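> Next comes the structure file my_file-v9.cif, holding mmCIF, C-alpha atoms.
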```cif
data_data
loop_
_atom_site.label_atom_id
_atom_site.label_comp_id
_atom_site.auth_asym_id
_atom_site.auth_seq_id
_atom_site.Cartn_x
_atom_site.Cartn_y
_atom_site.Cartn_z
CA MET A 21 30.80 29.85 -7.50
CA THR A 22 29.88 30.10 -11.19
CA LYS A 23 26.28 30.36 -12.39
CA THR A 24 26.32 26.78 -13.71
CA GLU A 25 27.62 25.47 -10.39
CA GLU A 26 24.96 27.46 -8.55
CA LYS A 27 22.29 25.91 -10.80
CA ARG A 28 23.73 22.44 -10.16
CA SER A 29 23.72 22.85 -6.38
CA PHE A 30 20.10 24.05 -6.56
CA PHE A 31 18.89 20.98 -8.48
CA ILE A 32 20.06 18.28 -6.08
CA ARG A 33 17.82 15.31 -5.38
CA GLY A 34 17.68 15.10 -1.55
CA PRO A 35 15.82 18.28 -0.51
CA TRP A 36 13.54 18.26 -3.56
CA GLU A 37 12.58 14.62 -2.94
CA ASN A 38 11.83 15.46 0.68
CA PHE A 39 9.67 18.40 -0.40
CA ALA A 40 7.75 16.21 -2.87
CA SER A 41 7.26 13.55 -0.16
CA VAL A 42 5.89 16.21 2.23
CA LEU A 43 3.48 17.37 -0.50
CA ILE A 44 2.25 13.80 -1.05
CA GLY A 45 1.82 13.31 2.71
CA LEU A 46 -0.04 16.62 2.99
CA GLY A 47 -2.30 15.64 0.08
CA VAL A 48 -3.12 12.27 1.67
CA PHE A 49 -3.94 14.04 4.95
CA MET A 50 -6.19 16.50 3.06
CA LEU A 51 -7.93 13.58 1.32
CA MET A 52 -8.83 11.79 4.54
CA GLN A 53 -9.20 14.51 7.18
CA PRO A 54 -12.65 14.95 8.77
CA PHE A 55 -12.56 18.78 9.19
CA TYR A 56 -13.06 20.74 5.93
CA ILE A 57 -14.54 19.50 2.67
CA THR A 58 -12.61 22.25 0.83
CA LEU A 59 -9.34 20.57 1.82
CA PHE A 60 -10.75 17.29 0.50
CA THR A 61 -11.67 18.96 -2.81
CA TYR A 62 -8.11 20.19 -3.42
CA SER A 63 -6.38 17.08 -2.03
CA PHE A 64 -6.10 15.26 -5.37
CA ALA A 65 -4.43 18.25 -7.03
CA VAL A 66 -1.82 18.35 -4.21
CA ILE A 67 -1.16 14.58 -4.38
CA LEU A 68 -0.91 14.65 -8.18
CA PHE A 69 1.46 17.63 -8.11
CA GLY A 70 3.59 15.98 -5.39
CA THR A 71 3.74 12.67 -7.24
CA LEU A 72 4.66 14.22 -10.60
CA MET A 73 7.24 16.37 -8.84
CA TYR A 74 8.67 13.27 -7.15
CA ILE A 75 9.01 11.52 -10.52
CA VAL A 76 10.85 14.53 -11.97
CA VAL A 77 13.15 15.30 -9.02
CA SER A 78 14.15 11.66 -8.52
CA HIS A 79 16.11 12.09 -11.76
CA PHE A 80 18.13 14.99 -10.34
CA PRO A 81 21.79 14.27 -9.45
CA GLU A 82 22.53 13.29 -5.84
CA GLN A 83 25.33 15.85 -5.38
CA MET B 30 31.23 -12.76 -28.48
CA LYS B 31 32.25 -16.17 -29.85
CA ASN B 32 29.78 -17.85 -27.51
CA ASP B 33 27.00 -15.53 -28.69
CA ASN B 34 27.75 -16.41 -32.33
CA ASN B 35 27.65 -20.08 -31.40
CA PHE B 36 24.28 -19.49 -29.80
CA VAL B 37 22.90 -17.85 -32.96
CA GLU B 38 24.42 -20.70 -35.01
CA LYS B 39 22.76 -23.27 -32.73
CA ILE B 40 19.35 -21.67 -33.25
CA ALA B 41 19.97 -21.43 -37.01
CA ASN B 42 20.86 -25.14 -37.14
CA ASN B 43 17.54 -26.03 -35.53
CA THR B 44 15.56 -23.83 -37.95
CA PRO B 45 14.17 -24.89 -41.38
CA VAL B 46 16.83 -24.39 -44.07
CA ASN B 47 14.87 -21.79 -46.07
CA ILE B 48 14.88 -19.27 -43.18
CA ALA B 49 18.14 -20.31 -41.43
CA HIS B 50 20.20 -17.76 -43.41
CA LYS B 51 17.96 -14.97 -42.01
CA ILE B 52 18.69 -16.09 -38.44
CA ARG B 53 22.45 -16.16 -39.13
CA GLY B 54 22.28 -12.49 -40.16
CA VAL B 55 20.53 -11.44 -36.90
CA SER B 56 22.58 -9.35 -34.45
CA ASP B 57 22.77 -10.16 -30.73
CA LYS B 58 20.74 -7.09 -29.90
CA THR B 59 17.94 -8.02 -32.29
CA LEU B 60 17.95 -11.55 -30.95
CA ALA B 61 17.67 -10.24 -27.39
CA TRP B 62 14.75 -8.02 -28.41
CA LEU B 63 13.10 -10.97 -30.16
CA PHE B 64 13.25 -12.96 -26.93
CA ILE B 65 11.94 -10.28 -24.59
CA SER B 66 9.33 -8.73 -26.90
CA PRO B 67 6.54 -11.26 -26.04
CA THR B 68 6.99 -10.41 -22.33
CA ILE B 69 7.01 -6.68 -23.04
CA PHE B 70 3.91 -7.04 -25.24
CA LEU B 71 2.11 -8.99 -22.48
CA LEU B 72 3.08 -6.40 -19.86
CA LEU B 73 1.83 -3.58 -22.08
CA ALA B 74 -1.42 -5.43 -22.76
CA ILE B 75 -2.10 -6.45 -19.15
CA ASN B 76 -0.73 -3.51 -17.13
CA ILE B 77 -0.19 -0.40 -19.21
CA PHE B 78 -3.14 -0.49 -21.63
CA PRO B 79 -5.86 -0.86 -18.91
CA LEU B 80 -4.26 1.99 -16.97
CA PHE B 81 -4.38 4.41 -19.89
CA TRP B 82 -7.83 3.15 -20.89
CA THR B 83 -9.09 3.85 -17.33
CA ILE B 84 -7.58 7.35 -17.46
CA TYR B 85 -9.35 7.94 -20.80
CA LEU B 86 -12.69 6.58 -19.47
CA SER B 87 -12.43 8.84 -16.40
CA PHE B 88 -13.01 11.82 -18.72
CA THR B 89 -16.13 10.30 -20.31
CA ASN B 90 -19.70 9.42 -19.30
CA TYR B 91 -19.24 5.76 -20.37
CA ARG B 92 -21.45 3.12 -18.73
CA ALA B 93 -20.40 -0.51 -19.21
CA ASN B 94 -23.99 -1.80 -18.95
CA ARG B 95 -25.11 0.35 -21.92
CA PRO B 96 -22.75 -0.63 -24.75
CA GLY B 97 -24.76 1.04 -27.55
CA ARG B 98 -24.89 4.46 -25.87
CA ILE B 99 -22.85 7.30 -27.40
CA VAL B 100 -19.85 8.11 -25.19
CA HIS B 101 -19.28 11.82 -24.56
CA TRP B 102 -16.06 13.49 -23.48
CA ILE B 103 -17.06 15.39 -20.32
CA GLY B 104 -13.66 16.74 -19.24
CA THR B 105 -12.98 16.80 -15.52
CA ARG B 106 -16.66 16.64 -14.49
CA ASN B 107 -16.30 13.14 -12.95
CA TYR B 108 -13.36 14.35 -10.83
CA GLU B 109 -15.28 17.46 -9.75
CA ARG B 110 -18.27 15.33 -8.71
CA ILE B 111 -16.11 12.91 -6.71
CA LEU B 112 -14.03 15.60 -5.02
CA GLY B 113 -17.16 17.56 -4.12
CA SER B 114 -19.12 14.57 -2.80
CA SER B 115 -19.62 14.36 0.95
CA ASP B 116 -20.40 10.63 0.58
CA ILE B 117 -16.99 9.87 -0.94
CA TRP B 118 -15.42 12.10 1.71
CA GLY B 119 -17.17 9.96 4.34
CA TYR B 120 -15.89 6.71 2.78
CA LEU B 121 -12.34 8.08 2.79
CA GLN B 122 -12.74 9.09 6.44
CA ALA B 123 -13.87 5.53 7.22
CA THR B 124 -10.76 4.33 5.40
CA ALA B 125 -8.60 6.76 7.38
CA HIS B 126 -10.14 5.55 10.68
CA PHE B 127 -9.36 1.97 9.69
CA VAL B 128 -5.82 2.74 8.46
CA VAL B 129 -4.77 4.89 11.45
CA TRP B 130 -6.08 2.56 14.16
CA THR B 131 -4.78 -0.64 12.56
CA MET B 132 -1.33 0.90 12.09
CA LEU B 133 -1.22 2.19 15.66
CA LEU B 134 -2.39 -1.06 17.25
CA GLN B 135 -0.22 -3.24 15.04
CA VAL B 136 2.91 -1.24 15.82
CA LEU B 137 2.25 -1.17 19.58
CA ILE B 138 1.40 -4.88 19.86
CA GLY B 139 3.96 -5.93 17.22
CA LEU B 140 6.87 -4.09 18.81
CA THR B 141 5.98 -5.37 22.31
CA LEU B 142 5.72 -8.99 21.14
CA ALA B 143 8.91 -8.68 19.06
CA MET B 144 10.82 -7.49 22.14
CA LEU B 145 9.36 -10.35 24.14
CA ILE B 146 10.37 -12.91 21.51
CA ASN B 147 13.80 -11.30 21.18
CA SER B 148 14.47 -11.91 24.88
CA ASN B 149 14.85 -15.61 23.88
CA PHE B 150 12.82 -17.29 26.61
CA LYS B 151 12.59 -21.10 26.66
CA THR B 152 9.77 -21.68 24.11
CA SER B 153 10.25 -18.49 22.07
CA ASN B 154 10.80 -20.37 18.76
CA PHE B 155 7.54 -22.28 19.16
CA TRP B 156 5.56 -19.11 19.96
CA THR B 157 7.14 -17.28 17.01
CA THR B 158 5.72 -19.96 14.68
CA VAL B 159 2.30 -19.86 16.36
CA ILE B 160 2.14 -16.06 16.18
CA LEU B 161 2.97 -16.08 12.45
CA ILE B 162 0.04 -18.36 11.48
CA PRO B 163 -2.64 -15.63 10.95
CA MET B 164 -0.46 -13.88 8.37
CA MET B 165 -0.36 -17.03 6.24
CA LEU B 166 -4.16 -17.30 5.94
CA SER B 167 -6.23 -15.91 3.09
CA PRO B 168 -8.06 -12.64 4.00
CA ALA B 169 -11.35 -14.10 2.70
CA VAL B 170 -10.97 -17.14 4.98
CA VAL B 171 -10.14 -14.88 7.92
CA GLY B 172 -13.22 -12.78 7.17
CA VAL B 173 -15.49 -15.83 7.12
CA PHE B 174 -14.29 -17.42 10.34
CA TRP B 175 -14.23 -14.13 12.25
CA THR B 176 -17.87 -13.68 11.18
CA TYR B 177 -18.59 -16.84 13.18
CA LEU B 178 -16.41 -15.71 16.10
CA PHE B 179 -18.29 -12.37 16.19
CA GLN B 180 -21.77 -13.98 16.32
CA PRO B 181 -23.53 -12.25 19.27
CA GLN B 182 -25.21 -15.40 20.69
CA THR B 183 -22.85 -18.25 19.86
CA GLY B 184 -19.56 -16.54 19.00
CA ILE B 185 -16.51 -16.93 21.22
CA PHE B 186 -15.61 -13.22 21.11
CA SER B 187 -18.83 -12.07 22.80
CA ASN B 188 -18.55 -14.82 25.42
CA ILE B 189 -14.95 -13.92 26.28
CA ILE B 190 -15.79 -10.22 26.66
CA ASN B 191 -18.72 -11.18 28.92
CA LEU B 192 -16.36 -13.10 31.18
CA PHE B 193 -14.72 -9.77 32.08
CA VAL B 194 -17.50 -7.23 31.58
CA ASP B 195 -21.19 -8.08 31.73
CA VAL B 196 -22.41 -6.34 28.57
CA GLY B 197 -24.74 -9.01 27.21
CA PRO B 198 -24.56 -10.34 23.63
CA LEU B 199 -22.13 -8.14 21.66
CA ASN B 200 -23.22 -7.57 18.08
CA MET B 201 -19.84 -6.54 16.69
CA ILE B 202 -20.78 -6.75 13.00
CA GLY B 203 -24.35 -5.46 13.22
CA SER B 204 -23.73 -2.42 15.43
CA VAL B 205 -22.95 0.98 13.86
CA LYS B 206 -20.56 1.83 16.71
CA LEU B 207 -18.79 -1.54 16.93
CA ALA B 208 -18.51 -2.60 13.26
CA PRO B 209 -15.54 -0.27 12.45
CA TRP B 210 -13.74 -1.75 15.47
CA ALA B 211 -14.57 -5.30 14.37
CA ILE B 212 -12.64 -4.85 11.11
CA ILE B 213 -9.78 -3.14 13.00
CA ILE B 214 -9.55 -6.08 15.45
CA VAL B 215 -9.47 -8.65 12.65
CA ASP B 216 -6.88 -6.79 10.59
CA THR B 217 -4.72 -6.28 13.69
CA TRP B 218 -4.99 -9.99 14.53
CA MET B 219 -4.01 -10.92 11.00
CA TRP B 220 -1.18 -8.48 10.26
CA THR B 221 0.56 -7.86 13.61
CA PRO B 222 2.85 -10.87 12.86
CA TYR B 223 4.22 -8.97 9.86
CA ILE B 224 5.23 -6.07 12.12
CA ILE B 225 6.71 -8.58 14.59
CA LEU B 226 8.86 -10.09 11.83
CA LEU B 227 10.19 -6.71 10.70
CA CYS B 228 10.79 -5.51 14.28
CA LEU B 229 12.60 -8.78 15.07
CA ALA B 230 14.87 -8.21 12.06
CA GLY B 231 15.60 -4.72 13.41
CA LEU B 232 16.13 -5.89 16.99
CA ARG B 233 18.53 -8.66 15.94
CA SER B 234 20.62 -6.17 13.96
CA VAL B 235 21.40 -4.06 17.07
CA PRO B 236 24.98 -4.84 18.23
CA GLN B 237 25.07 -6.25 21.79
CA SER B 238 28.12 -4.07 22.52
CA LEU B 239 25.90 -0.96 22.49
CA TYR B 240 23.83 -2.35 25.38
CA GLU B 241 26.98 -3.34 27.25
CA ALA B 242 28.37 0.18 26.84
CA ALA B 243 25.05 1.60 28.06
CA GLU B 244 25.21 -0.67 31.11
CA VAL B 245 28.67 0.64 31.93
CA ASP B 246 27.15 4.14 31.80
CA ARG B 247 24.45 2.88 34.22
CA ALA B 248 21.57 3.43 31.76
CA ASN B 249 18.26 1.91 32.83
CA ALA B 250 16.02 -0.27 30.63
CA PHE B 251 13.88 2.69 29.52
CA GLN B 252 16.93 4.76 28.52
CA LYS B 253 18.35 1.78 26.58
CA PHE B 254 15.05 1.46 24.72
CA ILE B 255 14.77 5.17 23.89
CA TYR B 256 18.42 5.83 22.96
CA ILE B 257 19.53 2.51 21.45
CA THR B 258 16.68 0.18 20.47
CA LEU B 259 14.19 2.69 19.06
CA PRO B 260 16.62 4.61 16.77
CA LYS B 261 18.07 1.33 15.47
CA ILE B 262 14.70 -0.26 14.61
CA MET B 263 13.06 2.98 13.39
CA PRO B 264 13.82 2.42 9.66
CA PHE B 265 12.28 -1.09 9.90
CA LEU B 266 9.27 0.28 11.77
CA MET B 267 8.78 3.06 9.19
CA LEU B 268 8.94 0.50 6.43
CA ALA B 269 6.36 -1.71 8.15
CA LEU B 270 4.10 1.29 8.79
CA LEU B 271 4.23 2.50 5.20
CA PHE B 272 3.64 -0.97 3.80
CA ARG B 273 0.68 -1.64 6.10
CA GLY B 274 -0.68 1.86 5.43
CA ILE B 275 -0.69 1.29 1.67
CA GLU B 276 -2.13 -2.23 2.03
CA ASN B 277 -4.90 -1.11 4.37
CA PHE B 278 -5.76 1.82 2.11
CA LYS B 279 -6.55 -0.80 -0.55
CA MET B 280 -8.30 -3.22 1.89
CA PHE B 281 -11.24 -4.99 0.23
CA ASP B 282 -11.64 -8.77 0.55
CA MET B 283 -11.56 -9.22 4.31
CA VAL B 284 -13.99 -6.34 4.96
CA VAL B 285 -16.39 -7.55 2.25
CA GLU B 286 -16.48 -10.99 3.88
CA LEU B 287 -16.92 -9.54 7.36
CA THR B 288 -19.38 -6.65 7.00
CA SER B 289 -19.88 -5.97 3.25
CA GLY B 290 -19.46 -2.30 4.12
CA GLY B 291 -22.37 -2.31 6.60
CA PRO B 292 -24.30 -1.67 8.74
CA GLY B 293 -25.46 1.10 6.41
CA SER B 294 -22.19 2.42 5.05
CA THR B 295 -20.29 2.50 8.36
CA THR B 296 -17.48 0.23 7.17
CA GLU B 297 -17.69 1.11 3.48
CA LEU B 298 -14.03 1.70 2.72
CA ALA B 299 -12.84 3.48 -0.44
CA SER B 300 -12.24 0.25 -2.39
CA ILE B 301 -15.70 -1.12 -1.52
CA SER B 302 -17.45 2.10 -2.58
CA LEU B 303 -15.42 2.04 -5.81
CA LYS B 304 -16.59 -1.50 -6.55
CA ARG B 305 -20.20 -0.46 -5.86
CA ALA B 306 -19.96 2.53 -8.21
CA ALA B 307 -18.41 0.38 -10.94
CA PHE B 308 -20.36 -2.88 -10.75
CA GLU B 309 -23.62 -2.11 -8.93
CA LEU B 310 -24.42 1.42 -10.15
CA TRP B 311 -22.53 0.83 -13.44
CA LYS B 312 -21.13 4.39 -13.48
CA THR B 313 -17.99 3.31 -15.34
CA GLY B 314 -16.61 6.75 -16.24
CA TYR B 315 -17.24 8.04 -12.72
CA SER B 316 -15.70 4.96 -11.08
CA SER B 317 -12.70 5.19 -13.44
CA ALA B 318 -12.06 8.73 -12.14
CA TYR B 319 -12.44 7.40 -8.57
CA ALA B 320 -9.94 4.61 -9.38
CA VAL B 321 -7.47 7.13 -10.85
CA ILE B 322 -7.67 9.23 -7.65
CA LEU B 323 -6.97 6.15 -5.50
CA PHE B 324 -4.22 5.01 -7.88
CA VAL B 325 -2.41 8.36 -7.78
CA THR B 326 -2.68 8.40 -3.96
CA ILE B 327 -1.25 4.88 -3.65
CA PHE B 328 1.41 5.63 -6.28
CA GLY B 329 2.46 8.73 -4.30
CA LEU B 330 2.62 6.76 -1.06
CA GLY B 331 4.47 4.00 -2.92
CA SER B 332 7.16 6.51 -3.96
CA ILE B 333 7.74 7.39 -0.30
CA TYR B 334 7.76 3.66 0.49
CA VAL B 335 10.51 3.01 -2.08
CA LYS B 336 12.51 5.91 -0.65
CA ALA B 337 12.18 4.46 2.88
CA LEU B 338 13.14 1.04 1.54
CA ASN B 339 16.33 2.41 0.00
CA LYS B 340 17.15 4.10 3.30
CA VAL B 341 16.79 0.78 5.14
CA LYS B 342 18.93 -0.96 2.51
CA SER B 343 21.70 1.61 2.86
#
```
So, in terms of C-alpha cells, how does the structure I just supplied come out?

Amino acid sequence: MTKTEEKRSFFIRGPWENFASVLIGLGVFMLMQPFYITLFTYSFAVILFGTLMYIVVSHFPEQ
Amino acid sequence: MKNDNNFVEKIANNTPVNIAHKIRGVSDKTLAWLFISPTIFLLLAINIFPLFWTIYLSFTNYRANRPGRIVHWIGTRNYERILGSSDIWGYLQATAHFVVWTMLLQVLIGLTLAMLINSNFKTSNFWTTVILIPMMLSPAVVGVFWTYLFQPQTGIFSNIINLFVDVGPLNMIGSVKLAPWAIIIVDTWMWTPYIILLCLAGLRSVPQSLYEAAEVDRANAFQKFIYITLPKIMPFLMLALLFRGIENFKMFDMVVELTSGGPGSTTELASISLKRAAFELWKTGYSSAYAVILFVTIFGLGSIYVKALNKVKS
C-alpha cells in the first residue's frame, strides 16, 4: 500500500462520523448529568468539538 | 436550450421596450440567479443574520432594555458564567429528567400499543384514529386543558387516582414532588401517538415469511419479538427516540401553560430559563450565550438524527 492510499484509507467517513457522534453524545451527557459540576463546565467544549468534527468528517469519502 | 431561449424571449416581450434588449442579453444562469436571489436574501435575513448576530452578542454585555448603554466586548465571560452556574446546571438536570422519562414512557407505551394495533383486531382502525388525536392538538391548548384536569378538588385526574388509591386531593401542579411528573404525563399523553405511528410503519415492513420460518423452528412469541420484530423496527425506534429527544430538549409552550416553570423552579426547563434571562432579567448578552450553547447541543444531536434518518432510508 502506497503512502497516498494509506492516507486515503485513514480518512474514511464511517469511523470518523461514529467517533464524532460519540463525542456529541458524551458532551450531551456531561451537560445534563447530576454528578459533577466540572463535567458540566467542560460539556460545551466537548459538544462543540464533536459537532465541528462531524461537519468536517462528513465531507470525507465513504470508501 | 431552445426552450430556455424562448422563455427569455417571452419575458423580454412582456418588458418595456427600453430595457427589453438587456433581458435578451441575459444568460440562463443569470436569469436563474435573478429568480432565486429574493428567496436567498430572505433566508439570509431571517435565518442566518440573527444567528450570527446572536453569536456576536454572546461575547458582549449588551442589554436590550438599555439601548443607550455602551456595549463592551467581554470575550467568553458569559459562557464561563453559564457553564459555572449551579442554577443553569439544575435547569439542565430538570430538562434531562423530563427528556429521559418522556422518551422511556413513550417508547414503552408506544411500542406496546403499536403491536396491539398491528394485530388487526376488529375495531383497530377506529382506535388508531382515536389514539392519534392528542398529537394533532396545539401544545398550548393541551397545557390549558390539562391544567383543569389536574385541579386537586375538581379535576378528573385526582378523582380517578382516588378511585384506586385513597390519597386525598392530588395537587399535581402545585407540589414540588409531583409537578415534574405532571409535565411528563402530559407530554407522554400527547406524543405517544407519534411513536405508535413510527413503530407501526416498522412493524408493517417486517415480512410475514420471517415469522412463518420462526414458527417452523418452534420459536415462541418472546423469541420472535427479540430476534425478528425488535431488530427490524430498531431503526424506526431510534429515529423516533432521537426526534422526541430533540423536541423535548426544546420544550417550552406546553410547560409554560401547565406550570410556568414552578413551583419554585422545579419544572424550569432550559428553554424557560433562557426566556427568563432574556425577557425578564434582560441579560441579552448572557442569554445569547445560553442560546448558543443550546443551539450547538441541538445542532449536534440533529447531526446524529440526520445520520439515523439516512440509515433508515437505506
> Residues of chain A that have any atom at most 8 Å from an atom of chain B: could you tabulate them with the shortest-distance atom pair and the distance in Å to one decimal, using all atoms listed in the file, ordered by chain and increasing number, as a Markdown table?

```
| residue | atom | partner | partner_atom | distance |
| --- | --- | --- | --- | --- |
| A:Ser41 | CA | B:Ile333 | CA | 6.2 |
| A:Ile44 | CA | B:Gly329 | CA | 6.0 |
| A:Gly45 | CA | B:Leu330 | CA | 7.6 |
| A:Val48 | CA | B:Thr326 | CA | 6.8 |
| A:Leu51 | CA | B:Leu121 | CA | 7.2 |
| A:Met52 | CA | B:Gln122 | CA | 5.1 |
| A:Gln53 | CA | B:Gln122 | CA | 6.5 |
| A:Pro54 | CA | B:Gln122 | CA | 6.3 |
| A:Ile57 | CA | B:Ser115 | CA | 7.4 |
| A:Phe60 | CA | B:Leu112 | CA | 6.6 |
| A:Thr61 | CA | B:Leu112 | CA | 4.7 |
| A:Tyr62 | CA | B:Leu112 | CA | 7.7 |
| A:Phe64 | CA | B:Ile322 | CA | 6.6 |
| A:Ile67 | CA | B:Thr326 | CA | 6.4 |
| A:Leu68 | CA | B:Val325 | CA | 6.5 |
| A:Gly70 | CA | B:Gly329 | CA | 7.4 |
| A:Thr71 | CA | B:Gly329 | CA | 5.1 |
| A:Tyr74 | CA | B:Ser332 | CA | 7.6 |
```
> What is the atom CA of Asn339 of chain B to atom CA of Phe254 of chain B distance in Å?
24.8 Å
> What is the distance, in Å and to one decimal place, between atom CA of Pro292 of chain B and atom CA of Leu207 of chain B?
9.9 Å
> Given the file shown, determine the residues that the PyMOL selection byres ((chain B and resi 260-270) around 8) selects; report them as a PyMOL selection string.
chain B and resi 132+136+223-224+227-228+230-232+235+255-259+271-274+334+337-338+340-341
> Once you have the residues from the selection above, write them out as a CSV table (one decimal), keeping the file's coordinate frame, restricted to C-alpha atoms.

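selection.csv, written as the output of this step:
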```csv
chain,number,residue,atom,x,y,z
B,132,MET,CA,-1.3,0.9,12.1
B,136,VAL,CA,2.9,-1.2,15.8
B,223,TYR,CA,4.2,-9.0,9.9
B,224,ILE,CA,5.2,-6.1,12.1
B,227,LEU,CA,10.2,-6.7,10.7
B,228,CYS,CA,10.8,-5.5,14.3
B,230,ALA,CA,14.9,-8.2,12.1
B,231,GLY,CA,15.6,-4.7,13.4
B,232,LEU,CA,16.1,-5.9,17.0
B,235,VAL,CA,21.4,-4.1,17.1
B,255,ILE,CA,14.8,5.2,23.9
B,256,TYR,CA,18.4,5.8,23.0
B,257,ILE,CA,19.5,2.5,21.4
B,258,THR,CA,16.7,0.2,20.5
B,259,LEU,CA,14.2,2.7,19.1
B,271,LEU,CA,4.2,2.5,5.2
B,272,PHE,CA,3.6,-1.0,3.8
B,273,ARG,CA,0.7,-1.6,6.1
B,274,GLY,CA,-0.7,1.9,5.4
B,334,TYR,CA,7.8,3.7,0.5
B,337,ALA,CA,12.2,4.5,2.9
B,338,LEU,CA,13.1,1.0,1.5
B,340,LYS,CA,17.2,4.1,3.3
B,341,VAL,CA,16.8,0.8,5.1
```
> If the PyMOL selection byres ((chain A and resi 78) around 12) is run on the structure shown, which residues does it catch, given as a ChimeraX atom specification?
/A:31-41,70-77,79-82 /B:332-333,335-336
> Identify the residues around (-11.4, -2.8, 11.0) within a radius of 9 Å, measuring from only C-alpha atoms in the coordinates stated by the file, and give them as an mmCIF file with C-alpha atoms, in the frame of the given file.

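out-v5.cif, freshly written:
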```cif
data_model
loop_
_atom_site.group_PDB
_atom_site.id
_atom_site.type_symbol
_atom_site.label_atom_id
_atom_site.label_comp_id
_atom_site.auth_asym_id
_atom_site.auth_seq_id
_atom_site.Cartn_x
_atom_site.Cartn_y
_atom_site.Cartn_z
ATOM 1 C CA HIS B 126 -10.140 5.550 10.680
ATOM 2 C CA PHE B 127 -9.360 1.970 9.690
ATOM 3 C CA VAL B 128 -5.820 2.740 8.460
ATOM 4 C CA TRP B 130 -6.080 2.560 14.160
ATOM 5 C CA THR B 131 -4.780 -0.640 12.560
ATOM 6 C CA ALA B 208 -18.510 -2.600 13.260
ATOM 7 C CA PRO B 209 -15.540 -0.270 12.450
ATOM 8 C CA TRP B 210 -13.740 -1.750 15.470
ATOM 9 C CA ALA B 211 -14.570 -5.300 14.370
ATOM 10 C CA ILE B 212 -12.640 -4.850 11.110
ATOM 11 C CA ILE B 213 -9.780 -3.140 13.000
ATOM 12 C CA ILE B 214 -9.550 -6.080 15.450
ATOM 13 C CA VAL B 215 -9.470 -8.650 12.650
ATOM 14 C CA ASP B 216 -6.880 -6.790 10.590
ATOM 15 C CA THR B 217 -4.720 -6.280 13.690
ATOM 16 C CA VAL B 284 -13.990 -6.340 4.960
ATOM 17 C CA THR B 296 -17.480 0.230 7.170
#
```
> If you measure from atom CA of Val66 of chain A to atom CA of Gly47 of chain A, what distance in Å do you get, rounded to one decimal?
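Straight-line distance from atom CA of Val66 of chain A to atom CA of Gly47 of chain A works out to 5.1 Å.
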> Once 8 Å is added on each side, what centre and edge lengths in Å to one decimal does the axis-aligned box around all listed atoms of segment 47-66 of chain A have, as AutoDock Vina command-line options?

```
--center_x -8.2 --center_y 17.0 --center_z 1.1 --size_x 28.7 --size_y 26.5 --size_z 32.2
```
